[in-house]
>>> print(open('my_file_36.pdb').read())   # PDB, C-alpha atoms, pLDDT in the B column
ATOM      1  CA  MET M   1     -22.184  13.460  -4.318  1.00 54.00           C
ATOM      2  CA  MET M   2     -20.827   9.950  -4.742  1.00 65.00           C
ATOM      3  CA  GLN M   3     -21.860   7.536  -1.982  1.00 82.00           C
ATOM      4  CA  ILE M   4     -19.351   5.310  -0.232  1.00 88.00           C
ATOM      5  CA  LYS M   5     -20.777   1.808   0.249  1.00 90.00           C
ATOM      6  CA  VAL M   6     -19.790  -1.405   2.007  1.00 91.00           C
ATOM      7  CA  ASP M   7     -20.353  -4.517  -0.133  1.00 87.00           C
ATOM      8  CA  LEU M   8     -20.126  -7.665   2.017  1.00 87.00           C
ATOM      9  CA  SER M   9     -20.852  -9.988  -0.934  1.00 83.00           C
ATOM     10  CA  VAL M  10     -17.209  -9.542  -2.016  1.00 79.00           C
ATOM     11  CA  LEU M  11     -16.145 -11.681   0.953  1.00 81.00           C
ATOM     12  CA  GLY M  12     -17.810 -14.723  -0.629  1.00 80.00           C
ATOM     13  CA  GLN M  13     -16.238 -13.992  -4.023  1.00 79.00           C
ATOM     14  CA  THR M  14     -12.702 -14.097  -2.634  1.00 82.00           C
ATOM     15  CA  LYS M  15     -11.136 -17.582  -2.397  1.00 85.00           C
ATOM     16  CA  TRP M  16      -9.154 -18.675   0.696  1.00 88.00           C
ATOM     17  CA  TYR M  17      -5.906 -18.818  -1.276  1.00 88.00           C
ATOM     18  CA  GLU M  18      -6.413 -15.205  -2.422  1.00 86.00           C
ATOM     19  CA  TYR M  19      -6.480 -14.136   1.241  1.00 90.00           C
ATOM     20  CA  ALA M  20      -3.470 -16.394   1.915  1.00 93.00           C
ATOM     21  CA  ILE M  21      -1.429 -14.858  -0.944  1.00 91.00           C
ATOM     22  CA  ARG M  22      -1.894 -11.354   0.433  1.00 90.00           C
ATOM     23  CA  PHE M  23      -1.066 -12.512   3.970  1.00 94.00           C
ATOM     24  CA  LEU M  24       2.072 -14.187   2.625  1.00 94.00           C
ATOM     25  CA  PHE M  25       3.259 -11.158   0.580  1.00 91.00           C
ATOM     26  CA  GLY M  26       2.480  -8.779   3.463  1.00 92.00           C
ATOM     27  CA  GLY M  27       4.387 -10.985   5.894  1.00 95.00           C
ATOM     28  CA  ILE M  28       7.338 -11.456   3.558  1.00 94.00           C
ATOM     29  CA  ILE M  29       7.824  -7.740   2.813  1.00 92.00           C
ATOM     30  CA  THR M  30       7.557  -6.889   6.534  1.00 93.00           C
ATOM     31  CA  GLY M  31      10.187  -9.509   7.359  1.00 94.00           C
ATOM     32  CA  VAL M  32      12.404  -8.494   4.431  1.00 93.00           C
ATOM     33  CA  ALA M  33      12.164  -4.785   5.354  1.00 92.00           C
ATOM     34  CA  GLY M  34      13.461  -5.738   8.827  1.00 91.00           C
ATOM     35  CA  LEU M  35      16.317  -7.790   7.352  1.00 93.00           C
ATOM     36  CA  ILE M  36      17.280  -4.993   4.926  1.00 95.00           C
ATOM     37  CA  ALA M  37      17.333  -2.497   7.824  1.00 94.00           C
ATOM     38  CA  GLN M  38      19.563  -4.872   9.835  1.00 92.00           C
ATOM     39  CA  ARG M  39      21.959  -5.382   6.919  1.00 95.00           C
ATOM     40  CA  PHE M  40      22.028  -1.899   5.295  1.00 95.00           C
ATOM     41  CA  GLY M  41      20.745   0.367   8.060  1.00 95.00           C
ATOM     42  CA  PRO M  42      17.421   2.146   8.707  1.00 95.00           C
ATOM     43  CA  GLY M  43      17.980   4.639   5.851  1.00 95.00           C
ATOM     44  CA  ILE M  44      17.641   1.923   3.206  1.00 96.00           C
ATOM     45  CA  GLY M  45      15.300  -0.310   5.221  1.00 95.00           C
ATOM     46  CA  GLY M  46      12.817   2.546   5.654  1.00 97.00           C
ATOM     47  CA  LEU M  47      12.287   2.852   1.896  1.00 97.00           C
ATOM     48  CA  PHE M  48      10.668  -0.587   1.923  1.00 96.00           C
ATOM     49  CA  LEU M  49       8.004   0.467   4.439  1.00 96.00           C
ATOM     50  CA  ALA M  50       6.240   1.962   1.398  1.00 97.00           C
ATOM     51  CA  PHE M  51       6.995  -0.893  -1.019  1.00 95.00           C
ATOM     52  CA  PRO M  52       3.929  -1.887  -3.096  1.00 93.00           C
ATOM     53  CA  ALA M  53       4.131  -5.465  -1.813  1.00 84.00           C
ATOM     54  CA  ILE M  54       0.597  -6.718  -2.323  1.00 85.00           C
ATOM     55  CA  PHE M  55      -0.186  -4.420  -5.236  1.00 86.00           C
ATOM     56  CA  PRO M  56       0.223  -7.032  -8.001  1.00 89.00           C
ATOM     57  CA  ALA M  57      -1.951  -9.524  -6.075  1.00 87.00           C
ATOM     58  CA  SER M  58      -4.668  -6.944  -5.319  1.00 88.00           C
ATOM     59  CA  ALA M  59      -4.845  -5.484  -8.840  1.00 90.00           C
ATOM     60  CA  THR M  60      -4.991  -8.986 -10.345  1.00 90.00           C
ATOM     61  CA  LEU M  61      -7.775  -9.946  -7.940  1.00 88.00           C
ATOM     62  CA  ILE M  62      -9.862  -6.878  -8.833  1.00 89.00           C
ATOM     63  CA  GLU M  63      -9.332  -7.474 -12.555  1.00 89.00           C
ATOM     64  CA  LYS M  64     -10.362 -11.136 -12.194  1.00 89.00           C
ATOM     65  CA  HIS M  65     -13.463 -10.513 -10.048  1.00 86.00           C
ATOM     66  CA  GLU M  66     -14.721  -7.738 -12.321  1.00 85.00           C
ATOM     67  CA  ARG M  67     -14.150  -9.877 -15.431  1.00 88.00           C
ATOM     68  CA  GLN M  68     -15.992 -12.852 -13.860  1.00 86.00           C
ATOM     69  CA  LYS M  69     -18.899 -10.611 -12.850  1.00 84.00           C
ATOM     70  CA  LYS M  70     -19.344  -9.375 -16.439  1.00 84.00           C
ATOM     71  CA  GLU M  71     -18.925 -12.856 -17.908  1.00 83.00           C
ATOM     72  CA  LYS M  72     -21.686 -14.167 -15.611  1.00 83.00           C
ATOM     73  CA  GLU M  73     -23.950 -11.572 -17.216  1.00 83.00           C
ATOM     74  CA  GLY M  74     -22.929 -12.923 -20.624  1.00 82.00           C
ATOM     75  CA  LEU M  75     -20.746  -9.913 -21.435  1.00 80.00           C
ATOM     76  CA  GLN M  76     -17.102  -9.609 -22.417  1.00 78.00           C
ATOM     77  CA  GLY M  77     -15.384  -8.702 -19.155  1.00 82.00           C
ATOM     78  CA  THR M  78     -11.704  -8.334 -20.043  1.00 85.00           C
ATOM     79  CA  GLN M  79     -11.772  -4.606 -20.765  1.00 84.00           C
ATOM     80  CA  ARG M  80     -14.010  -3.881 -17.752  1.00 87.00           C
ATOM     81  CA  GLY M  81     -11.638  -5.860 -15.530  1.00 89.00           C
ATOM     82  CA  ARG M  82      -8.678  -3.754 -16.664  1.00 89.00           C
ATOM     83  CA  GLU M  83     -10.610  -0.527 -16.162  1.00 90.00           C
ATOM     84  CA  ALA M  84     -11.649  -1.537 -12.627  1.00 91.00           C
ATOM     85  CA  ALA M  85      -8.027  -2.356 -11.715  1.00 92.00           C
ATOM     86  CA  SER M  86      -6.892   0.951 -13.235  1.00 94.00           C
ATOM     87  CA  ILE M  87      -9.474   2.953 -11.241  1.00 93.00           C
ATOM     88  CA  ASP M  88      -8.511   1.155  -8.016  1.00 93.00           C
ATOM     89  CA  THR M  89      -4.843   1.884  -8.725  1.00 94.00           C
ATOM     90  CA  ALA M  90      -5.597   5.577  -9.299  1.00 95.00           C
ATOM     91  CA  GLY M  91      -7.160   5.543  -5.816  1.00 95.00           C
ATOM     92  CA  SER M  92      -3.943   4.070  -4.444  1.00 95.00           C
ATOM     93  CA  ALA M  93      -1.968   6.914  -6.030  1.00 96.00           C
ATOM     94  CA  MET M  94      -4.164   9.343  -4.043  1.00 96.00           C
ATOM     95  CA  GLY M  95      -3.676   7.221  -0.910  1.00 96.00           C
ATOM     96  CA  SER M  96       0.086   7.388  -1.356  1.00 97.00           C
ATOM     97  CA  ILE M  97      -0.021  11.160  -0.766  1.00 97.00           C
ATOM     98  CA  GLY M  98      -1.591  10.350   2.614  1.00 98.00           C
ATOM     99  CA  LEU M  99       1.147   7.745   3.085  1.00 98.00           C
ATOM    100  CA  SER M 100       3.802  10.477   2.666  1.00 98.00           C
ATOM    101  CA  VAL M 101       2.058  12.529   5.357  1.00 98.00           C
ATOM    102  CA  PHE M 102       2.013   9.457   7.644  1.00 98.00           C
ATOM    103  CA  ALA M 103       5.780   9.020   7.202  1.00 98.00           C
ATOM    104  CA  LEU M 104       6.489  12.742   7.701  1.00 98.00           C
ATOM    105  CA  LEU M 105       4.553  12.818  10.981  1.00 98.00           C
ATOM    106  CA  VAL M 106       6.231   9.670  12.327  1.00 98.00           C
ATOM    107  CA  TRP M 107       9.667  11.023  11.358  1.00 97.00           C
ATOM    108  CA  GLN M 108       9.034  14.359  13.085  1.00 97.00           C
ATOM    109  CA  PHE M 109       7.189  13.246  16.239  1.00 97.00           C
ATOM    110  CA  LEU M 110       8.354   9.722  17.109  1.00 96.00           C
ATOM    111  CA  PRO M 111      11.576  10.741  18.893  1.00 94.00           C
ATOM    112  CA  ARG M 112       9.732  12.993  21.378  1.00 94.00           C
ATOM    113  CA  HIS M 113       6.336  11.326  21.925  1.00 96.00           C
ATOM    114  CA  SER M 114       4.764   7.944  22.762  1.00 95.00           C
ATOM    115  CA  THR M 115       5.110   5.471  19.867  1.00 95.00           C
ATOM    116  CA  TRP M 116       1.478   4.338  19.968  1.00 95.00           C
ATOM    117  CA  ILE M 117       0.079   7.887  20.095  1.00 97.00           C
ATOM    118  CA  VAL M 118       2.253   8.926  17.141  1.00 97.00           C
ATOM    119  CA  LEU M 119       1.345   5.830  15.077  1.00 97.00           C
ATOM    120  CA  THR M 120      -2.371   6.242  15.830  1.00 97.00           C
ATOM    121  CA  ALA M 121      -2.346   9.963  14.981  1.00 98.00           C
ATOM    122  CA  ALA M 122      -0.298   9.382  11.819  1.00 98.00           C
ATOM    123  CA  THR M 123      -2.725   6.647  10.683  1.00 97.00           C
ATOM    124  CA  ALA M 124      -5.657   9.023  11.256  1.00 98.00           C
ATOM    125  CA  ALA M 125      -3.770  11.655   9.229  1.00 98.00           C
ATOM    126  CA  TRP M 126      -3.149   9.144   6.398  1.00 98.00           C
ATOM    127  CA  LEU M 127      -6.875   8.362   6.217  1.00 97.00           C
ATOM    128  CA  SER M 128      -7.986  12.013   6.486  1.00 98.00           C
ATOM    129  CA  VAL M 129      -5.566  13.300   3.851  1.00 98.00           C
ATOM    130  CA  SER M 130      -6.331  10.408   1.479  1.00 97.00           C
ATOM    131  CA  VAL M 131     -10.110  10.850   1.797  1.00 96.00           C
ATOM    132  CA  LEU M 132      -9.788  14.625   1.380  1.00 96.00           C
ATOM    133  CA  ILE M 133      -7.745  14.240  -1.823  1.00 96.00           C
ATOM    134  CA  TRP M 134     -10.192  11.630  -3.129  1.00 95.00           C
ATOM    135  CA  HIS M 135     -13.094  13.995  -2.384  1.00 94.00           C
ATOM    136  CA  ILE M 136     -11.408  16.988  -4.073  1.00 94.00           C
ATOM    137  CA  ARG M 137     -10.582  14.819  -7.107  1.00 91.00           C
ATOM    138  CA  LYS M 138     -14.222  13.687  -7.368  1.00 87.00           C
ATOM    139  CA  GLN M 139     -15.490  17.274  -7.195  1.00 86.00           C
ATOM    140  CA  ALA M 140     -13.085  18.453  -9.924  1.00 79.00           C
TER
ATOM    141  CA  MET V 141      14.870 -15.547  13.845  1.00 67.00           C
ATOM    142  CA  SER V 142      11.873 -15.268  16.194  1.00 82.00           C
ATOM    143  CA  GLN V 143      11.906 -11.476  15.631  1.00 83.00           C
ATOM    144  CA  ILE V 144      11.560 -12.052  11.863  1.00 87.00           C
ATOM    145  CA  LEU V 145       8.764 -14.594  12.412  1.00 91.00           C
ATOM    146  CA  ILE V 146       6.883 -12.105  14.625  1.00 92.00           C
ATOM    147  CA  ARG V 147       7.319  -9.419  11.943  1.00 92.00           C
ATOM    148  CA  PHE V 148       6.081 -11.872   9.291  1.00 94.00           C
ATOM    149  CA  LEU V 149       2.939 -12.759  11.263  1.00 95.00           C
ATOM    150  CA  ILE V 150       2.081  -9.194  12.320  1.00 94.00           C
ATOM    151  CA  GLY V 151       2.874  -7.856   8.831  1.00 93.00           C
ATOM    152  CA  GLY V 152       0.723 -10.494   7.146  1.00 94.00           C
ATOM    153  CA  ALA V 153      -2.168  -9.805   9.523  1.00 95.00           C
ATOM    154  CA  VAL V 154      -2.077  -5.976   9.223  1.00 94.00           C
ATOM    155  CA  VAL V 155      -1.705  -6.056   5.422  1.00 93.00           C
ATOM    156  CA  SER V 156      -4.623  -8.528   5.187  1.00 93.00           C
ATOM    157  CA  VAL V 157      -6.898  -6.342   7.349  1.00 93.00           C
ATOM    158  CA  PHE V 158      -6.330  -3.275   5.135  1.00 92.00           C
ATOM    159  CA  ALA V 159      -6.673  -5.395   1.972  1.00 91.00           C
ATOM    160  CA  VAL V 160     -10.052  -6.796   3.116  1.00 91.00           C
ATOM    161  CA  LEU V 161     -11.221  -3.273   4.056  1.00 91.00           C
ATOM    162  CA  GLY V 162     -10.335  -2.180   0.524  1.00 88.00           C
ATOM    163  CA  ASP V 163     -12.244  -5.156  -0.941  1.00 87.00           C
ATOM    164  CA  LEU V 164     -15.415  -4.245   0.945  1.00 91.00           C
ATOM    165  CA  LEU V 165     -15.605  -0.588  -0.041  1.00 91.00           C
ATOM    166  CA  LYS V 166     -17.146   0.982  -3.120  1.00 88.00           C
ATOM    167  CA  PRO V 167     -16.595   2.894  -5.382  1.00 91.00           C
ATOM    168  CA  LYS V 168     -13.353   1.365  -6.624  1.00 86.00           C
ATOM    169  CA  SER V 169     -11.420   4.647  -6.607  1.00 90.00           C
ATOM    170  CA  PHE V 170     -12.216   5.034  -2.872  1.00 93.00           C
ATOM    171  CA  ALA V 171     -11.353   1.386  -2.118  1.00 93.00           C
ATOM    172  CA  GLY V 172      -8.033   1.991  -3.858  1.00 93.00           C
ATOM    173  CA  LEU V 173      -6.986   4.375  -1.079  1.00 95.00           C
ATOM    174  CA  PHE V 174      -6.520   1.265   1.086  1.00 94.00           C
ATOM    175  CA  GLY V 175      -3.992  -0.098  -1.383  1.00 93.00           C
ATOM    176  CA  ALA V 176      -1.676   2.617  -0.060  1.00 95.00           C
ATOM    177  CA  ALA V 177      -2.424   2.031   3.635  1.00 95.00           C
ATOM    178  CA  PRO V 178       0.577   2.216   5.972  1.00 96.00           C
ATOM    179  CA  SER V 179       0.200  -1.496   6.768  1.00 94.00           C
ATOM    180  CA  VAL V 180       3.863  -2.610   6.551  1.00 94.00           C
ATOM    181  CA  ALA V 181       4.914   0.548   8.420  1.00 96.00           C
ATOM    182  CA  LEU V 182       2.425  -0.075  11.245  1.00 95.00           C
ATOM    183  CA  ALA V 183       3.620  -3.666  11.591  1.00 92.00           C
ATOM    184  CA  THR V 184       7.268  -2.581  11.594  1.00 93.00           C
ATOM    185  CA  LEU V 185       7.652   0.788  13.326  1.00 94.00           C
ATOM    186  CA  GLY V 186       6.142  -0.199  16.684  1.00 92.00           C
ATOM    187  CA  LEU V 187       8.400  -3.263  16.954  1.00 91.00           C
ATOM    188  CA  THR V 188      11.427  -1.300  15.733  1.00 93.00           C
ATOM    189  CA  ALA V 189      10.857   1.550  18.195  1.00 94.00           C
ATOM    190  CA  ALA V 190      10.598  -1.010  21.036  1.00 93.00           C
ATOM    191  CA  SER V 191      13.715  -2.964  20.037  1.00 91.00           C
ATOM    192  CA  GLU V 192      16.030  -0.339  18.472  1.00 93.00           C
ATOM    193  CA  GLY V 193      14.725   2.917  19.920  1.00 94.00           C
ATOM    194  CA  ALA V 194      12.547   5.763  18.647  1.00 95.00           C
ATOM    195  CA  SER V 195      15.359   7.573  16.795  1.00 95.00           C
ATOM    196  CA  TYR V 196      16.145   4.483  14.731  1.00 95.00           C
ATOM    197  CA  ALA V 197      12.434   4.089  13.836  1.00 96.00           C
ATOM    198  CA  ALA V 198      12.223   7.820  12.992  1.00 97.00           C
ATOM    199  CA  THR V 199      15.134   7.398  10.560  1.00 96.00           C
ATOM    200  CA  GLU V 200      13.185   4.579   8.879  1.00 97.00           C
ATOM    201  CA  ALA V 201      10.144   6.864   8.675  1.00 97.00           C
ATOM    202  CA  ARG V 202      12.265   9.609   7.045  1.00 97.00           C
ATOM    203  CA  SER V 203      13.233   7.183   4.271  1.00 97.00           C
ATOM    204  CA  MET V 204       9.646   6.037   4.055  1.00 97.00           C
ATOM    205  CA  VAL V 205       8.726   9.523   2.773  1.00 97.00           C
ATOM    206  CA  ALA V 206      10.871   8.772  -0.305  1.00 97.00           C
ATOM    207  CA  GLY V 207       9.294   5.309  -0.570  1.00 98.00           C
ATOM    208  CA  ALA V 208       5.813   6.872  -0.489  1.00 98.00           C
ATOM    209  CA  VAL V 209       6.697   9.377  -3.252  1.00 98.00           C
ATOM    210  CA  ALA V 210       7.956   6.406  -5.286  1.00 98.00           C
ATOM    211  CA  PHE V 211       4.643   4.634  -4.547  1.00 97.00           C
ATOM    212  CA  PHE V 212       2.780   7.637  -5.979  1.00 98.00           C
ATOM    213  CA  ALA V 213       4.863   7.524  -9.187  1.00 98.00           C
ATOM    214  CA  TYR V 214       4.420   3.746  -9.434  1.00 97.00           C
ATOM    215  CA  ALA V 215       0.641   3.700  -8.851  1.00 97.00           C
ATOM    216  CA  SER V 216       0.040   6.661 -11.219  1.00 97.00           C
ATOM    217  CA  PHE V 217       2.072   4.963 -13.955  1.00 97.00           C
ATOM    218  CA  VAL V 218       0.375   1.567 -13.496  1.00 96.00           C
ATOM    219  CA  SER V 219      -3.080   3.173 -13.584  1.00 95.00           C
ATOM    220  CA  TRP V 220      -2.257   5.126 -16.767  1.00 96.00           C
ATOM    221  CA  VAL V 221      -0.810   2.091 -18.564  1.00 95.00           C
ATOM    222  CA  MET V 222      -3.779  -0.125 -17.689  1.00 93.00           C
ATOM    223  CA  MET V 223      -6.266   2.509 -18.831  1.00 92.00           C
ATOM    224  CA  ASN V 224      -4.497   3.154 -22.150  1.00 93.00           C
ATOM    225  CA  TYR V 225      -3.034  -0.208 -23.178  1.00 91.00           C
ATOM    226  CA  LYS V 226      -4.504  -3.696 -23.332  1.00 86.00           C
ATOM    227  CA  LEU V 227      -2.159  -5.283 -20.826  1.00 91.00           C
ATOM    228  CA  LYS V 228      -2.880  -7.603 -17.897  1.00 91.00           C
ATOM    229  CA  ALA V 229      -2.785  -6.171 -14.370  1.00 92.00           C
ATOM    230  CA  LEU V 230      -0.248  -8.759 -13.174  1.00 92.00           C
ATOM    231  CA  SER V 231       2.299  -8.021 -15.905  1.00 94.00           C
ATOM    232  CA  VAL V 232       1.932  -4.220 -15.592  1.00 95.00           C
ATOM    233  CA  THR V 233       2.207  -4.196 -11.790  1.00 95.00           C
ATOM    234  CA  ILE V 234       5.240  -6.516 -11.718  1.00 95.00           C
ATOM    235  CA  CYS V 235       7.083  -4.960 -14.682  1.00 96.00           C
ATOM    236  CA  SER V 236       6.652  -1.485 -13.116  1.00 97.00           C
ATOM    237  CA  ILE V 237       8.389  -2.430  -9.836  1.00 96.00           C
ATOM    238  CA  PRO V 238      11.756  -1.119 -11.206  1.00 97.00           C
ATOM    239  CA  LEU V 239      10.082   2.314 -11.439  1.00 98.00           C
ATOM    240  CA  TRP V 240       9.385   2.209  -7.680  1.00 98.00           C
ATOM    241  CA  LEU V 241      12.954   1.071  -7.001  1.00 97.00           C
ATOM    242  CA  GLY V 242      14.409   3.778  -9.263  1.00 98.00           C
ATOM    243  CA  VAL V 243      12.410   6.649  -7.744  1.00 98.00           C
ATOM    244  CA  ALA V 244      12.864   5.426  -4.136  1.00 98.00           C
ATOM    245  CA  PHE V 245      16.622   4.901  -4.387  1.00 97.00           C
ATOM    246  CA  GLY V 246      17.032   8.013  -6.562  1.00 97.00           C
ATOM    247  CA  LEU V 247      15.361  10.189  -3.919  1.00 97.00           C
ATOM    248  CA  TRP V 248      17.344   8.483  -1.162  1.00 96.00           C
ATOM    249  CA  HIS V 249      20.585   9.157  -3.039  1.00 95.00           C
ATOM    250  CA  LEU V 250      19.759  12.804  -3.824  1.00 95.00           C
ATOM    251  CA  TRP V 251      18.034  13.806  -0.612  1.00 90.00           C
ATOM    252  CA  LEU V 252      18.680  11.412   2.269  1.00 86.00           C
ATOM    253  CA  LYS V 253      22.095   9.808   1.801  1.00 82.00           C
TER
END
>>> encode(input="my_file_36.pdb", output="structure tokens")
Amino acid sequence: MMQIKVDLSVLGQTKWYEYAIRFLFGGIITGVAGLIAQRFGPGIGGLFLAFPAIFPASATLIEKHERQKKEKEGLQGTQRGREAASIDTAGSAMGSIGLSVFALLVWQFLPRHSTWIVLTAATAAWLSVSVLIWHIRKQA
Amino acid sequence: MSQILIRFLIGGAVVSVFAVLGDLLKPKSFAGLFGAAPSVALATLGLTAASEGASYAATEARSMVAGAVAFFAYASFVSWVMMNYKLKALSVTICSIPLWLGVAFGLWHLWLK
């Protein structure tokens, strides 16, 4: 069975501006989603709660770090960088199934229950469903 | 204006936390799950429920289901293109955004409008 590991060395690899870019994109899409909901209503605004806002920045970062790692070893890293970004993105596709479950639960339960309980339970459901799908996919 | 600034700050912080979590985890396919974390939704829905009411936030969540299906189509397509063609991640991820928009608005039009 594949082991899940935590690699703290990545923190040193990431530059301050790479953190800042993701903060900026995350903040902008959250603000814009609010503005769109105000202007066009919650039906349209809600679509943007699942907008892949930081996806380009994250995939580029993974591609770059993987390429640099290979080049440090004296190898050609371009292809490996692309593959790493592709594998990470495939993981996000699995996570998006969990994201649908999150949205379904919030839609169904928010009107009748405490906001924080619903959001906490829906987040737990997102993680559980995503990990389960990832696990099934790995076994297949 | 202050409401938008609060959303910006909370959104940036929540998205960053999930992004860093994704950076730390291995293997890459598992870390990728965090690329589809409900970060923008968590930053938005609590504030929206408090300011506009739970029904309004639930309507946003209903549309978010369509957005999440569009995310699945987008991420699957991006992954396939990067694995099969020699294209840079930045160009593939940005040029594929219309796919997300098309699927999200298409589902909204067919199912939610």
>>> atom_distance(input="my_file_36.pdb", atom1="atom CA of Gly151 of chain V", atom2="atom CA of Trp251 of chain V")
28.1 Å
>>> resolve_selection(input="my_file_36.pdb", expression="the ChimeraX specification (/M :<7) & /V", output="ChimeraX atom specification")
/V:144,147-149,151-153,155-156,163-178,180-181,184,186,194-196,198-209,211-212,215-216,219,222-223,229-230,233-234,244
>>> atom_distance(input="my_file_36.pdb", atom1="atom CA of Lys226 of chain V", atom2="atom CA of Glu66 of chain M")
15.6 Å
>>> residues_near_point(input="my_file_36.pdb", point="(11.4, 0.7, 14.5)", cutoff="6 Å", atoms="only C-alpha atoms", output="list in words")
Leu185, Gly186, Leu187, Thr188, Ala189 and Ala197 of chain V
>>> atom_distance(input="my_file_36.pdb", atom1="atom CA of Ala121 of chain M", atom2="atom CA of Ala183 of chain V")
15.3 Å
>>> decode(input="my_file_36.pdb", residues="segment 75-119 of chain M", atoms="C-alpha atoms", output="PDB file, in the first residue's frame")
ATOM      1  CA  LEU M  75      19.124  15.399 -15.445  1.00  0.00           C
ATOM      2  CA  GLN M  76      16.696  16.872 -17.948  1.00  0.00           C
ATOM      3  CA  GLY M  77      13.722  17.870 -15.809  1.00  0.00           C
ATOM      4  CA  THR M  78      11.196  19.334 -18.246  1.00  0.00           C
ATOM      5  CA  GLN M  79       9.307  16.114 -18.948  1.00  0.00           C
ATOM      6  CA  ARG M  80       9.368  15.068 -15.271  1.00  0.00           C
ATOM      7  CA  GLY M  81       8.016  18.486 -14.289  1.00  0.00           C
ATOM      8  CA  ARG M  82       5.069  18.102 -16.666  1.00  0.00           C
ATOM      9  CA  GLU M  83       4.360  14.585 -15.433  1.00  0.00           C
ATOM     10  CA  ALA M  84       4.394  15.711 -11.782  1.00  0.00           C
ATOM     11  CA  ALA M  85       1.945  18.545 -12.554  1.00  0.00           C
ATOM     12  CA  SER M  86      -0.261  16.115 -14.494  1.00  0.00           C
ATOM     13  CA  ILE M  87      -0.333  13.604 -11.607  1.00  0.00           C
ATOM     14  CA  ASP M  88      -1.153  16.365  -9.104  1.00  0.00           C
ATOM     15  CA  THR M  89      -3.950  17.577 -11.384  1.00  0.00           C
ATOM     16  CA  ALA M  90      -5.381  14.052 -11.646  1.00  0.00           C
ATOM     17  CA  GLY M  91      -5.529  14.097  -7.833  1.00  0.00           C
ATOM     18  CA  SER M  92      -7.471  17.353  -7.998  1.00  0.00           C
ATOM     19  CA  ALA M  93      -9.981  15.733 -10.359  1.00  0.00           C
ATOM     20  CA  MET M  94     -10.579  13.082  -7.659  1.00  0.00           C
ATOM     21  CA  GLY M  95     -10.833  15.827  -5.022  1.00  0.00           C
ATOM     22  CA  SER M  96     -13.463  17.606  -7.095  1.00  0.00           C
ATOM     23  CA  ILE M  97     -15.835  14.654  -6.604  1.00  0.00           C
ATOM     24  CA  GLY M  98     -15.482  15.295  -2.861  1.00  0.00           C
ATOM     25  CA  LEU M  99     -16.077  18.984  -3.596  1.00  0.00           C
ATOM     26  CA  SER M 100     -19.440  18.107  -5.211  1.00  0.00           C
ATOM     27  CA  VAL M 101     -20.399  16.177  -2.073  1.00  0.00           C
ATOM     28  CA  PHE M 102     -19.397  19.193   0.065  1.00  0.00           C
ATOM     29  CA  ALA M 103     -21.674  21.463  -1.993  1.00  0.00           C
ATOM     30  CA  LEU M 104     -24.567  18.967  -1.945  1.00  0.00           C
ATOM     31  CA  LEU M 105     -24.439  18.672   1.851  1.00  0.00           C
ATOM     32  CA  VAL M 106     -24.277  22.444   2.383  1.00  0.00           C
ATOM     33  CA  TRP M 107     -27.182  22.964  -0.041  1.00  0.00           C
ATOM     34  CA  GLN M 108     -29.340  20.359   1.712  1.00  0.00           C
ATOM     35  CA  PHE M 109     -28.526  21.040   5.381  1.00  0.00           C
ATOM     36  CA  LEU M 110     -27.599  24.722   5.723  1.00  0.00           C
ATOM     37  CA  PRO M 111     -31.170  26.073   5.868  1.00  0.00           C
ATOM     38  CA  ARG M 112     -32.100  23.878   8.862  1.00  0.00           C
ATOM     39  CA  HIS M 113     -28.883  23.529  10.897  1.00  0.00           C
ATOM     40  CA  SER M 114     -26.066  25.616  12.421  1.00  0.00           C
ATOM     41  CA  THR M 115     -23.781  27.083   9.730  1.00  0.00           C
ATOM     42  CA  TRP M 116     -20.546  26.067  11.458  1.00  0.00           C
ATOM     43  CA  ILE M 117     -21.688  22.484  12.113  1.00  0.00           C
ATOM     44  CA  VAL M 118     -22.768  22.089   8.478  1.00  0.00           C
ATOM     45  CA  LEU M 119     -19.524  23.588   7.102  1.00  0.00           C
TER      46      LEU M 119
END
